[in-house]
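Report on the following structure.
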Amino acid sequence: MDLEGVRTFVAAADAGQFQEAAVELGVTQQAVSKRIAGLERGLGVRLFTRTARGAELTIDGQAFLPHARELLRVAERAAASVHTGRRPLRVDVLASRSAGSGLMRGFHSAHPDIDLDVVMLVDIDTAVAAIRSGTIDASFRAVAMPGRPLPQGIACARVLDETLQLLTGPAHVLAGARSVTLADLAGHRIWMPGIVPGTEWAAYYDDMVAEFGLTIEATGPNFGSDALLDTVADTPALATFMGEHARLVWPAGHGLRRIPVTDPTPVYPHALLWHRDNPHPALATLRAHLAAVTPGHDAPGTWRPPWAIPN
């Protein structure tokens, strides 16, 4: 449907005269008549009848008017959704319970006036493509893929080094430990079904396995964190890694243990990626917020892959 014809129809209905509608729209009266005639042909009905007082809506015109107004409102919202500065800031996080999601919740609390769209993409290639196309404004990612630098125009900044902890059930042999070293974990089965081959977090754990001789299994379907917690709680031979900022809730009967990992402490280096030419005004606000609320990086006694996004 021709939106200019719809807009002209609404203006004429409000004014009651084609001439006044023409003045309001900045066109000639003939243009108003032609647009409305075209709309009437498309709908197959008469929308106005001419009277001595001007133009009056027919019964069909009266029925169409509220829908015409809604069409114009929808068109305005559609245009606003892609207009930089008026559309929401679109940010990608890895998962709803991840550290990036927590940082965005904190940002929303500090800046409730900024509209947000939070999405969850799978891998860094998808995220970078979305940043380059303007589909999203920023993405929380952990590391740059080894041997694959970020494309030209993509900027990044480390925002959080998240400590990893060991999560076990109550019957696991390490459940009573106050802390464990990475060397202590050699020979134990660490189950992480959420690892997706080819992603940056898969590369992160591949390097951890290679350097410390760990056994990390990604077998079986990924039914989400609740199923993972259920299985770890019920299986004495299994443990998993969880970030210290991961928001986890489990039944009291699970008896799960969060155990600090030391010597060294593995950290997951979250970074924010964005396009250097992105003009969205809220993007600068987000970057300033993250710089103010997150601590420093590369603390002594921590480990991250050498190819992770630098500080």
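By order of appearance in the structure tokens: chains A, B, ..., then residues from 1 within every chain, and ligands from 1 in the order shown.
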
For this session: Would you mind writing down, as a list in words, each residue of range 85-161 of chain A that DSSP on the backbone assigns to helix (DSSP H, G or I)?
Result: Ala99, Gly100, Ser101, Gly102, Leu103, Met104, Arg105, Gly106, Phe107, His108, Ser109, Ala110, Ile124, Asp125, Thr126, Ala127, Val128, Ala129, Ala130, Ile131, Arg132 and Ser133 of chain A

Can you write out the residues you just picked, keeping N, CA, C and O atoms, as an mmCIF file, in the first residue's frame?
data_model
loop_
_atom_site.group_PDB
_atom_site.id
_atom_site.type_symbol
_atom_site.label_atom_id
_atom_site.label_comp_id
_atom_site.auth_asym_id
_atom_site.auth_seq_id
_atom_site.Cartn_x
_atom_site.Cartn_y
_atom_site.Cartn_z
ATOM 1 N N ALA A 99 28.921 -13.324 32.129
ATOM 2 C CA ALA A 99 29.426 -12.078 32.710
ATOM 3 C C ALA A 99 29.032 -10.881 31.863
ATOM 4 O O ALA A 99 28.707 -9.815 32.406
ATOM 5 N N GLY A 100 29.033 -11.036 30.530
ATOM 6 C CA GLY A 100 28.629 -9.933 29.665
ATOM 7 C C GLY A 100 27.200 -9.515 29.918
ATOM 8 O O GLY A 100 26.871 -8.327 29.944
ATOM 9 N N SER A 101 26.323 -10.505 30.127
ATOM 10 C CA SER A 101 24.931 -10.191 30.442
ATOM 11 C C SER A 101 24.836 -9.442 31.759
ATOM 12 O O SER A 101 24.071 -8.484 31.909
ATOM 13 N N GLY A 102 25.639 -9.856 32.738
ATOM 14 C CA GLY A 102 25.648 -9.145 34.017
ATOM 15 C C GLY A 102 26.132 -7.712 33.887
ATOM 16 O O GLY A 102 25.589 -6.801 34.520
ATOM 17 N N LEU A 103 27.157 -7.510 33.060
ATOM 18 C CA LEU A 103 27.642 -6.148 32.837
ATOM 19 C C LEU A 103 26.582 -5.284 32.174
ATOM 20 O O LEU A 103 26.441 -4.097 32.492
ATOM 21 N N MET A 104 25.808 -5.871 31.257
ATOM 22 C CA MET A 104 24.754 -5.101 30.601
ATOM 23 C C MET A 104 23.616 -4.792 31.563
ATOM 24 O O MET A 104 22.988 -3.726 31.478
ATOM 25 N N ARG A 105 23.331 -5.695 32.496
ATOM 26 C CA ARG A 105 22.319 -5.389 33.509
ATOM 27 C C ARG A 105 22.772 -4.217 34.371
ATOM 28 O O ARG A 105 21.978 -3.338 34.722
ATOM 29 N N GLY A 106 24.056 -4.211 34.716
ATOM 30 C CA GLY A 106 24.583 -3.088 35.483
ATOM 31 C C GLY A 106 24.526 -1.780 34.710
ATOM 32 O O GLY A 106 24.216 -0.724 35.274
ATOM 33 N N PHE A 107 24.804 -1.858 33.403
ATOM 34 C CA PHE A 107 24.722 -0.663 32.560
ATOM 35 C C PHE A 107 23.295 -0.145 32.495
ATOM 36 O O PHE A 107 23.052 1.064 32.580
ATOM 37 N N HIS A 108 22.333 -1.061 32.356
ATOM 38 C CA HIS A 108 20.931 -0.638 32.294
ATOM 39 C C HIS A 108 20.496 0.006 33.611
ATOM 40 O O HIS A 108 19.754 0.995 33.606
ATOM 41 N N SER A 109 20.969 -0.523 34.732
ATOM 42 C CA SER A 109 20.623 0.084 36.026
ATOM 43 C C SER A 109 21.199 1.485 36.149
ATOM 44 O O SER A 109 20.566 2.380 36.711
ATOM 45 N N ALA A 110 22.422 1.675 35.617
ATOM 46 C CA ALA A 110 23.067 2.989 35.703
ATOM 47 C C ALA A 110 22.505 3.971 34.685
ATOM 48 O O ALA A 110 22.534 5.183 34.914
ATOM 49 N N ILE A 124 32.535 -15.697 17.218
ATOM 50 C CA ILE A 124 33.123 -14.386 16.990
ATOM 51 C C ILE A 124 32.993 -13.962 15.529
ATOM 52 O O ILE A 124 32.821 -12.772 15.239
ATOM 53 N N ASP A 125 33.040 -14.903 14.589
ATOM 54 C CA ASP A 125 32.891 -14.541 13.179
ATOM 55 C C ASP A 125 31.507 -13.959 12.911
ATOM 56 O O ASP A 125 31.357 -12.962 12.198
ATOM 57 N N THR A 126 30.488 -14.590 13.484
ATOM 58 C CA THR A 126 29.128 -14.077 13.327
ATOM 59 C C THR A 126 28.997 -12.702 13.970
ATOM 60 O O THR A 126 28.383 -11.788 13.408
ATOM 61 N N ALA A 127 29.590 -12.548 15.149
ATOM 62 C CA ALA A 127 29.510 -11.269 15.851
ATOM 63 C C ALA A 127 30.219 -10.157 15.076
ATOM 64 O O ALA A 127 29.692 -9.049 14.929
ATOM 65 N N VAL A 128 31.414 -10.444 14.567
ATOM 66 C CA VAL A 128 32.162 -9.431 13.825
ATOM 67 C C VAL A 128 31.415 -9.052 12.543
ATOM 68 O O VAL A 128 31.339 -7.867 12.178
ATOM 69 N N ALA A 129 30.846 -10.030 11.854
ATOM 70 C CA ALA A 129 30.076 -9.730 10.642
ATOM 71 C C ALA A 129 28.889 -8.836 10.977
ATOM 72 O O ALA A 129 28.559 -7.912 10.212
ATOM 73 N N ALA A 130 28.233 -9.088 12.105
ATOM 74 C CA ALA A 130 27.090 -8.271 12.507
ATOM 75 C C ALA A 130 27.525 -6.862 12.884
ATOM 76 O O ALA A 130 26.815 -5.884 12.607
ATOM 77 N N ILE A 131 28.697 -6.726 13.496
ATOM 78 C CA ILE A 131 29.225 -5.392 13.823
ATOM 79 C C ILE A 131 29.540 -4.634 12.543
ATOM 80 O O ILE A 131 29.213 -3.447 12.402
ATOM 81 N N ARG A 132 30.170 -5.291 11.577
ATOM 82 C CA ARG A 132 30.562 -4.626 10.330
ATOM 83 C C ARG A 132 29.338 -4.197 9.521
ATOM 84 O O ARG A 132 29.359 -3.159 8.858
ATOM 85 N N SER A 133 28.270 -4.997 9.579
ATOM 86 C CA SER A 133 27.066 -4.665 8.812
ATOM 87 C C SER A 133 26.176 -3.661 9.528
ATOM 88 O O SER A 133 25.242 -3.139 8.922
#

Problem set entry | Neighbour list for Leu89 in chain A as a VMD selection string, cut-off 10 Å, only C-alpha atoms, skip fewer than 5 positions in-chain | chain A and resid 84 114 to 118 136 to 138 280 to 283 286

Could you write out that same residue set with N, CA and C atoms as a PDB file, in the first residue's frame?
ATOM      1  N   THR A  84      20.125   5.798  13.661  1.00  0.00           N
ATOM      2  CA  THR A  84      21.139   5.873  14.695  1.00  0.00           C
ATOM      3  C   THR A  84      20.827   7.006  15.661  1.00  0.00           C
ATOM      4  N   ILE A 114      18.519   4.704  28.450  1.00  0.00           N
ATOM      5  CA  ILE A 114      19.038   4.209  27.178  1.00  0.00           C
ATOM      6  C   ILE A 114      18.328   2.910  26.817  1.00  0.00           C
ATOM      7  N   ASP A 115      17.689   2.885  25.652  1.00  0.00           N
ATOM      8  CA  ASP A 115      17.012   1.678  25.181  1.00  0.00           C
ATOM      9  C   ASP A 115      18.044   0.654  24.732  1.00  0.00           C
ATOM     10  N   LEU A 116      17.823  -0.609  25.099  1.00  0.00           N
ATOM     11  CA  LEU A 116      18.758  -1.680  24.785  1.00  0.00           C
ATOM     12  C   LEU A 116      18.053  -2.821  24.063  1.00  0.00           C
ATOM     13  N   ASP A 117      18.763  -3.428  23.112  1.00  0.00           N
ATOM     14  CA  ASP A 117      18.413  -4.726  22.555  1.00  0.00           C
ATOM     15  C   ASP A 117      19.593  -5.643  22.831  1.00  0.00           C
ATOM     16  N   VAL A 118      19.397  -6.692  23.616  1.00  0.00           N
ATOM     17  CA  VAL A 118      20.466  -7.640  23.923  1.00  0.00           C
ATOM     18  C   VAL A 118      20.206  -8.920  23.140  1.00  0.00           C
ATOM     19  N   ILE A 136      24.451  -5.158  14.793  1.00  0.00           N
ATOM     20  CA  ILE A 136      24.633  -4.900  16.215  1.00  0.00           C
ATOM     21  C   ILE A 136      25.672  -3.805  16.375  1.00  0.00           C
ATOM     22  N   ASP A 137      25.697  -3.203  17.563  1.00  0.00           N
ATOM     23  CA  ASP A 137      26.638  -2.114  17.829  1.00  0.00           C
ATOM     24  C   ASP A 137      27.884  -2.586  18.555  1.00  0.00           C
ATOM     25  N   ALA A 138      27.765  -3.644  19.346  1.00  0.00           N
ATOM     26  CA  ALA A 138      28.909  -4.115  20.120  1.00  0.00           C
ATOM     27  C   ALA A 138      28.683  -5.569  20.501  1.00  0.00           C
ATOM     28  N   HIS A 280      26.561   5.525  17.029  1.00  0.00           N
ATOM     29  CA  HIS A 280      25.500   5.492  18.034  1.00  0.00           C
ATOM     30  C   HIS A 280      25.983   6.180  19.317  1.00  0.00           C
ATOM     31  N   PRO A 281      25.281   7.214  19.782  1.00  0.00           N
ATOM     32  CA  PRO A 281      25.769   7.972  20.944  1.00  0.00           C
ATOM     33  C   PRO A 281      25.844   7.140  22.210  1.00  0.00           C
ATOM     34  N   ALA A 282      25.013   6.115  22.353  1.00  0.00           N
ATOM     35  CA  ALA A 282      25.031   5.321  23.573  1.00  0.00           C
ATOM     36  C   ALA A 282      26.229   4.384  23.636  1.00  0.00           C
ATOM     37  N   LEU A 283      26.893   4.137  22.494  1.00  0.00           N
ATOM     38  CA  LEU A 283      28.053   3.255  22.501  1.00  0.00           C
ATOM     39  C   LEU A 283      29.180   3.855  23.328  1.00  0.00           C
ATOM     40  N   LEU A 286      28.362   3.386  26.957  1.00  0.00           N
ATOM     41  CA  LEU A 286      28.627   2.016  27.406  1.00  0.00           C
ATOM     42  C   LEU A 286      30.113   1.805  27.658  1.00  0.00           C
TER      43      LEU A 286
END

Exercise. Quick one: DSSP strand (DSSP E or B) residues in range 51-173 of chain A, as a PyMOL selection string?
Worked result: chain A and resi 51+54-57+89-92+116-119+138-141+154-168

Problem set entry | Best match for closeness to Val196 in chain A among A:Leu273, A:Val32, A:Ala218, A:Leu25, counting only C-alpha atoms |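 Using only C-alpha atoms, the shortest distance to Val196 in chain A belongs to A:Ala218.
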
For this session: Choose the residue, out of A:Leu256, A:Ala95, A:Val232, A:Met120, that has the smallest atom-to-atom separation from Pro170 in chain A; count only C-alpha atoms.
Result: A:Leu256

Problem set entry | Distance in Å - CA of Val180 in chain A versus CA of Tyr205 in chain A |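 Calculated distance between CA of Val180 in chain A and CA of Tyr205 in chain A is 17.7 Å.
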
For this session: Extract, using only C-alpha atoms, all DNA, RNA and protein residues at most 8 Å from range 243-255 of chain A, discarding same-chain residues fewer than 2 positions from it, and format them as a list in words.
Result: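 The filter keeps Arg97, Ser98, Ala99, Gly102, Glu162, Thr163, Leu164, Gln165, Gly169, Pro170, Asp226, Leu229, Asp230, Ala233, Asp234, Phe241, Arg257 and Tyr268 of chain A.
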
Please dump the current selection as a PDB file, in the first residue's frame; keep N, CA, C and O atoms.
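Contents of again06.pdb, as written:
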ATOM      1  N   ARG A  97      23.196 -15.844  31.223  1.00  0.00           N
ATOM      2  CA  ARG A  97      23.768 -15.877  32.573  1.00  0.00           C
ATOM      3  C   ARG A  97      25.261 -15.600  32.578  1.00  0.00           C
ATOM      4  O   ARG A  97      25.948 -15.859  33.563  1.00  0.00           O
ATOM      5  N   SER A  98      25.780 -15.075  31.486  1.00  0.00           N
ATOM      6  CA  SER A  98      27.210 -14.836  31.367  1.00  0.00           C
ATOM      7  C   SER A  98      27.600 -13.524  32.019  1.00  0.00           C
ATOM      8  O   SER A  98      26.756 -12.694  32.392  1.00  0.00           O
ATOM      9  N   ALA A  99      28.921 -13.324  32.129  1.00  0.00           N
ATOM     10  CA  ALA A  99      29.426 -12.078  32.710  1.00  0.00           C
ATOM     11  C   ALA A  99      29.032 -10.881  31.863  1.00  0.00           C
ATOM     12  O   ALA A  99      28.707  -9.815  32.406  1.00  0.00           O
ATOM     13  N   GLY A 102      25.639  -9.856  32.738  1.00  0.00           N
ATOM     14  CA  GLY A 102      25.648  -9.145  34.017  1.00  0.00           C
ATOM     15  C   GLY A 102      26.132  -7.712  33.887  1.00  0.00           C
ATOM     16  O   GLY A 102      25.589  -6.801  34.520  1.00  0.00           O
ATOM     17  N   GLU A 162      37.485 -12.600  34.089  1.00  0.00           N
ATOM     18  CA  GLU A 162      36.605 -13.366  34.963  1.00  0.00           C
ATOM     19  C   GLU A 162      37.294 -14.635  35.443  1.00  0.00           C
ATOM     20  O   GLU A 162      37.680 -15.494  34.649  1.00  0.00           O
ATOM     21  N   THR A 163      37.439 -14.765  36.743  1.00  0.00           N
ATOM     22  CA  THR A 163      38.056 -15.946  37.326  1.00  0.00           C
ATOM     23  C   THR A 163      37.181 -17.173  37.098  1.00  0.00           C
ATOM     24  O   THR A 163      35.969 -17.128  37.309  1.00  0.00           O
ATOM     25  N   LEU A 164      37.805 -18.277  36.674  1.00  0.00           N
ATOM     26  CA  LEU A 164      37.087 -19.539  36.547  1.00  0.00           C
ATOM     27  C   LEU A 164      37.193 -20.329  37.849  1.00  0.00           C
ATOM     28  O   LEU A 164      38.235 -20.346  38.500  1.00  0.00           O
ATOM     29  N   GLN A 165      36.098 -20.983  38.207  1.00  0.00           N
ATOM     30  CA  GLN A 165      36.045 -21.823  39.391  1.00  0.00           C
ATOM     31  C   GLN A 165      35.652 -23.237  38.987  1.00  0.00           C
ATOM     32  O   GLN A 165      35.025 -23.447  37.951  1.00  0.00           O
ATOM     33  N   GLY A 169      29.866 -31.816  42.349  1.00  0.00           N
ATOM     34  CA  GLY A 169      28.797 -32.306  43.204  1.00  0.00           C
ATOM     35  C   GLY A 169      29.347 -32.676  44.567  1.00  0.00           C
ATOM     36  O   GLY A 169      30.566 -32.715  44.784  1.00  0.00           O
ATOM     37  N   PRO A 170      28.485 -32.991  45.520  1.00  0.00           N
ATOM     38  CA  PRO A 170      28.936 -33.253  46.897  1.00  0.00           C
ATOM     39  C   PRO A 170      29.757 -34.531  47.049  1.00  0.00           C
ATOM     40  O   PRO A 170      30.525 -34.653  48.011  1.00  0.00           O
ATOM     41  N   ASP A 226      20.859 -25.707  33.524  1.00  0.00           N
ATOM     42  CA  ASP A 226      20.124 -26.474  34.536  1.00  0.00           C
ATOM     43  C   ASP A 226      20.430 -27.962  34.423  1.00  0.00           C
ATOM     44  O   ASP A 226      20.666 -28.644  35.434  1.00  0.00           O
ATOM     45  N   LEU A 229      23.979 -28.657  35.671  1.00  0.00           N
ATOM     46  CA  LEU A 229      24.070 -28.680  37.129  1.00  0.00           C
ATOM     47  C   LEU A 229      23.475 -29.964  37.699  1.00  0.00           C
ATOM     48  O   LEU A 229      24.020 -30.540  38.646  1.00  0.00           O
ATOM     49  N   ASP A 230      22.367 -30.416  37.131  1.00  0.00           N
ATOM     50  CA  ASP A 230      21.759 -31.667  37.594  1.00  0.00           C
ATOM     51  C   ASP A 230      22.735 -32.828  37.432  1.00  0.00           C
ATOM     52  O   ASP A 230      22.899 -33.662  38.343  1.00  0.00           O
ATOM     53  N   ALA A 233      25.778 -32.614  39.805  1.00  0.00           N
ATOM     54  CA  ALA A 233      25.371 -32.913  41.182  1.00  0.00           C
ATOM     55  C   ALA A 233      25.216 -34.411  41.412  1.00  0.00           C
ATOM     56  O   ALA A 233      25.514 -34.925  42.500  1.00  0.00           O
ATOM     57  N   ASP A 234      24.756 -35.140  40.383  1.00  0.00           N
ATOM     58  CA  ASP A 234      24.451 -36.568  40.531  1.00  0.00           C
ATOM     59  C   ASP A 234      25.596 -37.491  40.126  1.00  0.00           C
ATOM     60  O   ASP A 234      25.485 -38.713  40.296  1.00  0.00           O
ATOM     61  N   PHE A 241      33.802 -26.246  34.751  1.00  0.00           N
ATOM     62  CA  PHE A 241      34.269 -24.890  35.032  1.00  0.00           C
ATOM     63  C   PHE A 241      33.095 -23.924  34.930  1.00  0.00           C
ATOM     64  O   PHE A 241      32.253 -24.037  34.033  1.00  0.00           O
ATOM     65  N   ARG A 257      29.417 -27.496  44.873  1.00  0.00           N
ATOM     66  CA  ARG A 257      30.524 -26.756  45.482  1.00  0.00           C
ATOM     67  C   ARG A 257      31.201 -25.886  44.416  1.00  0.00           C
ATOM     68  O   ARG A 257      31.535 -26.380  43.341  1.00  0.00           O
ATOM     69  N   TYR A 268      39.060 -15.715  32.286  1.00  0.00           N
ATOM     70  CA  TYR A 268      38.448 -15.618  30.968  1.00  0.00           C
ATOM     71  C   TYR A 268      38.384 -14.145  30.607  1.00  0.00           C
ATOM     72  O   TYR A 268      37.629 -13.389  31.213  1.00  0.00           O
TER      73      TYR A 268
END

Exercise. Which neighbours of range 34-49 of chain A fall inside 7 Å, counting only C-alpha atoms, when residues of the same chain fewer than 5 positions from it are skipped, and could you give them as a list of chain:residue names?
Worked result: A:Gly5, A:Thr8, A:Phe9, A:Ala55, A:Glu56, A:Leu57, A:Thr58, A:Asp60, A:Gly61

Exercise. Quick one: residues within 9 Å of Thr215 in chain A, only C-alpha atoms counted, chain neighbours fewer than 5 positions away excluded, as a ChimeraX atom specification?
Worked result: /A:185-191,209

May I have the residues from that selection written out with all heavy atoms, as an mmCIF file, in the first residue's frame?
data_model
loop_
_atom_site.group_PDB
_atom_site.id
_atom_site.type_symbol
_atom_site.label_atom_id
_atom_site.label_comp_id
_atom_site.auth_asym_id
_atom_site.auth_seq_id
_atom_site.Cartn_x
_atom_site.Cartn_y
_atom_site.Cartn_z
ATOM 1 N N LEU A 185 43.943 -30.954 38.886
ATOM 2 C CA LEU A 185 42.814 -31.343 38.040
ATOM 3 C C LEU A 185 43.207 -32.336 36.955
ATOM 4 O O LEU A 185 42.325 -32.889 36.283
ATOM 5 C CB LEU A 185 42.193 -30.103 37.394
ATOM 6 C CG LEU A 185 41.623 -29.075 38.377
ATOM 7 C CD1 LEU A 185 41.001 -27.912 37.629
ATOM 8 C CD2 LEU A 185 40.604 -29.716 39.302
ATOM 9 N N ALA A 186 44.490 -32.560 36.752
ATOM 10 C CA ALA A 186 44.933 -33.539 35.754
ATOM 11 C C ALA A 186 44.383 -34.914 36.127
ATOM 12 O O ALA A 186 44.494 -35.361 37.266
ATOM 13 C CB ALA A 186 46.447 -33.565 35.668
ATOM 14 N N GLY A 187 43.776 -35.578 35.166
ATOM 15 C CA GLY A 187 43.210 -36.898 35.401
ATOM 16 C C GLY A 187 41.752 -36.880 35.803
ATOM 17 O O GLY A 187 41.100 -37.936 35.827
ATOM 18 N N HIS A 188 41.200 -35.737 36.151
ATOM 19 C CA HIS A 188 39.780 -35.630 36.470
ATOM 20 C C HIS A 188 38.989 -35.239 35.211
ATOM 21 O O HIS A 188 39.482 -34.500 34.359
ATOM 22 C CB HIS A 188 39.556 -34.580 37.566
ATOM 23 C CG HIS A 188 40.113 -34.976 38.887
ATOM 24 N ND1 HIS A 188 39.473 -35.848 39.748
ATOM 25 C CD2 HIS A 188 41.273 -34.620 39.513
ATOM 26 C CE1 HIS A 188 40.199 -36.015 40.837
ATOM 27 N NE2 HIS A 188 41.300 -35.279 40.732
ATOM 28 N N ARG A 189 37.771 -35.717 35.129
ATOM 29 C CA ARG A 189 36.912 -35.426 33.974
ATOM 30 C C ARG A 189 36.178 -34.104 34.203
ATOM 31 O O ARG A 189 35.420 -33.959 35.171
ATOM 32 C CB ARG A 189 35.900 -36.547 33.763
ATOM 33 C CG ARG A 189 36.511 -37.868 33.358
ATOM 34 C CD ARG A 189 35.454 -38.956 33.372
ATOM 35 N NE ARG A 189 34.368 -38.650 32.440
ATOM 36 C CZ ARG A 189 33.162 -39.219 32.515
ATOM 37 N NH1 ARG A 189 32.889 -40.089 33.476
ATOM 38 N NH2 ARG A 189 32.228 -38.906 31.637
ATOM 39 N N ILE A 190 36.437 -33.168 33.331
ATOM 40 C CA ILE A 190 35.751 -31.878 33.377
ATOM 41 C C ILE A 190 34.808 -31.834 32.184
ATOM 42 O O ILE A 190 35.248 -31.876 31.033
ATOM 43 C CB ILE A 190 36.763 -30.717 33.348
ATOM 44 C CG1 ILE A 190 37.690 -30.811 34.558
ATOM 45 C CG2 ILE A 190 36.028 -29.373 33.333
ATOM 46 C CD1 ILE A 190 38.848 -29.826 34.537
ATOM 47 N N TRP A 191 33.531 -31.773 32.469
ATOM 48 C CA TRP A 191 32.502 -31.892 31.425
ATOM 49 C C TRP A 191 31.939 -30.522 31.095
ATOM 50 O O TRP A 191 31.440 -29.817 31.980
ATOM 51 C CB TRP A 191 31.385 -32.820 31.906
ATOM 52 C CG TRP A 191 30.382 -33.162 30.854
ATOM 53 C CD1 TRP A 191 30.633 -33.615 29.599
ATOM 54 C CD2 TRP A 191 28.958 -33.094 30.984
ATOM 55 N NE1 TRP A 191 29.461 -33.839 28.917
ATOM 56 C CE2 TRP A 191 28.407 -33.534 29.750
ATOM 57 C CE3 TRP A 191 28.096 -32.722 32.006
ATOM 58 C CZ2 TRP A 191 27.044 -33.590 29.523
ATOM 59 C CZ3 TRP A 191 26.736 -32.790 31.789
ATOM 60 C CH2 TRP A 191 26.215 -33.216 30.563
ATOM 61 N N VAL A 209 43.939 -27.175 27.915
ATOM 62 C CA VAL A 209 44.207 -28.617 27.884
ATOM 63 C C VAL A 209 45.657 -28.878 27.488
ATOM 64 O O VAL A 209 46.361 -29.691 28.108
ATOM 65 C CB VAL A 209 43.240 -29.320 26.912
ATOM 66 C CG1 VAL A 209 43.715 -30.735 26.606
ATOM 67 C CG2 VAL A 209 41.836 -29.336 27.490
#

Taking 5 positions as the minimum chain separation for residues in the same chain, which residues sit within 12 Å of Arg178 in chain A when counting only C-alpha atoms? Answer as an mmCIF file with N, CA, C and O atoms, in the first residue's frame.
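Output (selection-v8.cif):
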data_model
loop_
_atom_site.group_PDB
_atom_site.id
_atom_site.type_symbol
_atom_site.label_atom_id
_atom_site.label_comp_id
_atom_site.auth_asym_id
_atom_site.auth_seq_id
_atom_site.Cartn_x
_atom_site.Cartn_y
_atom_site.Cartn_z
ATOM 1 N N GLN A 165 36.098 -20.983 38.207
ATOM 2 C CA GLN A 165 36.045 -21.823 39.391
ATOM 3 C C GLN A 165 35.652 -23.237 38.987
ATOM 4 O O GLN A 165 35.025 -23.447 37.951
ATOM 5 N N LEU A 166 36.040 -24.206 39.814
ATOM 6 C CA LEU A 166 35.630 -25.578 39.595
ATOM 7 C C LEU A 166 34.298 -25.808 40.298
ATOM 8 O O LEU A 166 34.118 -25.403 41.450
ATOM 9 N N ARG A 257 29.417 -27.496 44.873
ATOM 10 C CA ARG A 257 30.524 -26.756 45.482
ATOM 11 C C ARG A 257 31.201 -25.886 44.416
ATOM 12 O O ARG A 257 31.535 -26.380 43.341
ATOM 13 N N ARG A 258 31.425 -24.630 44.731
ATOM 14 C CA ARG A 258 32.264 -23.755 43.909
ATOM 15 C C ARG A 258 33.640 -23.718 44.567
ATOM 16 O O ARG A 258 33.770 -23.260 45.708
ATOM 17 N N ILE A 259 34.652 -24.150 43.852
ATOM 18 C CA ILE A 259 35.986 -24.284 44.436
ATOM 19 C C ILE A 259 36.966 -23.385 43.674
ATOM 20 O O ILE A 259 37.082 -23.495 42.449
ATOM 21 N N PRO A 260 37.681 -22.487 44.364
ATOM 22 C CA PRO A 260 38.671 -21.642 43.687
ATOM 23 C C PRO A 260 39.784 -22.477 43.049
ATOM 24 O O PRO A 260 40.194 -23.513 43.606
ATOM 25 N N VAL A 261 40.259 -22.037 41.886
ATOM 26 C CA VAL A 261 41.361 -22.691 41.184
ATOM 27 C C VAL A 261 42.570 -21.768 41.253
ATOM 28 O O VAL A 261 42.461 -20.560 40.974
ATOM 29 N N THR A 262 43.727 -22.329 41.606
ATOM 30 C CA THR A 262 44.922 -21.499 41.819
ATOM 31 C C THR A 262 46.127 -22.094 41.082
ATOM 32 O O THR A 262 46.080 -23.171 40.517
#
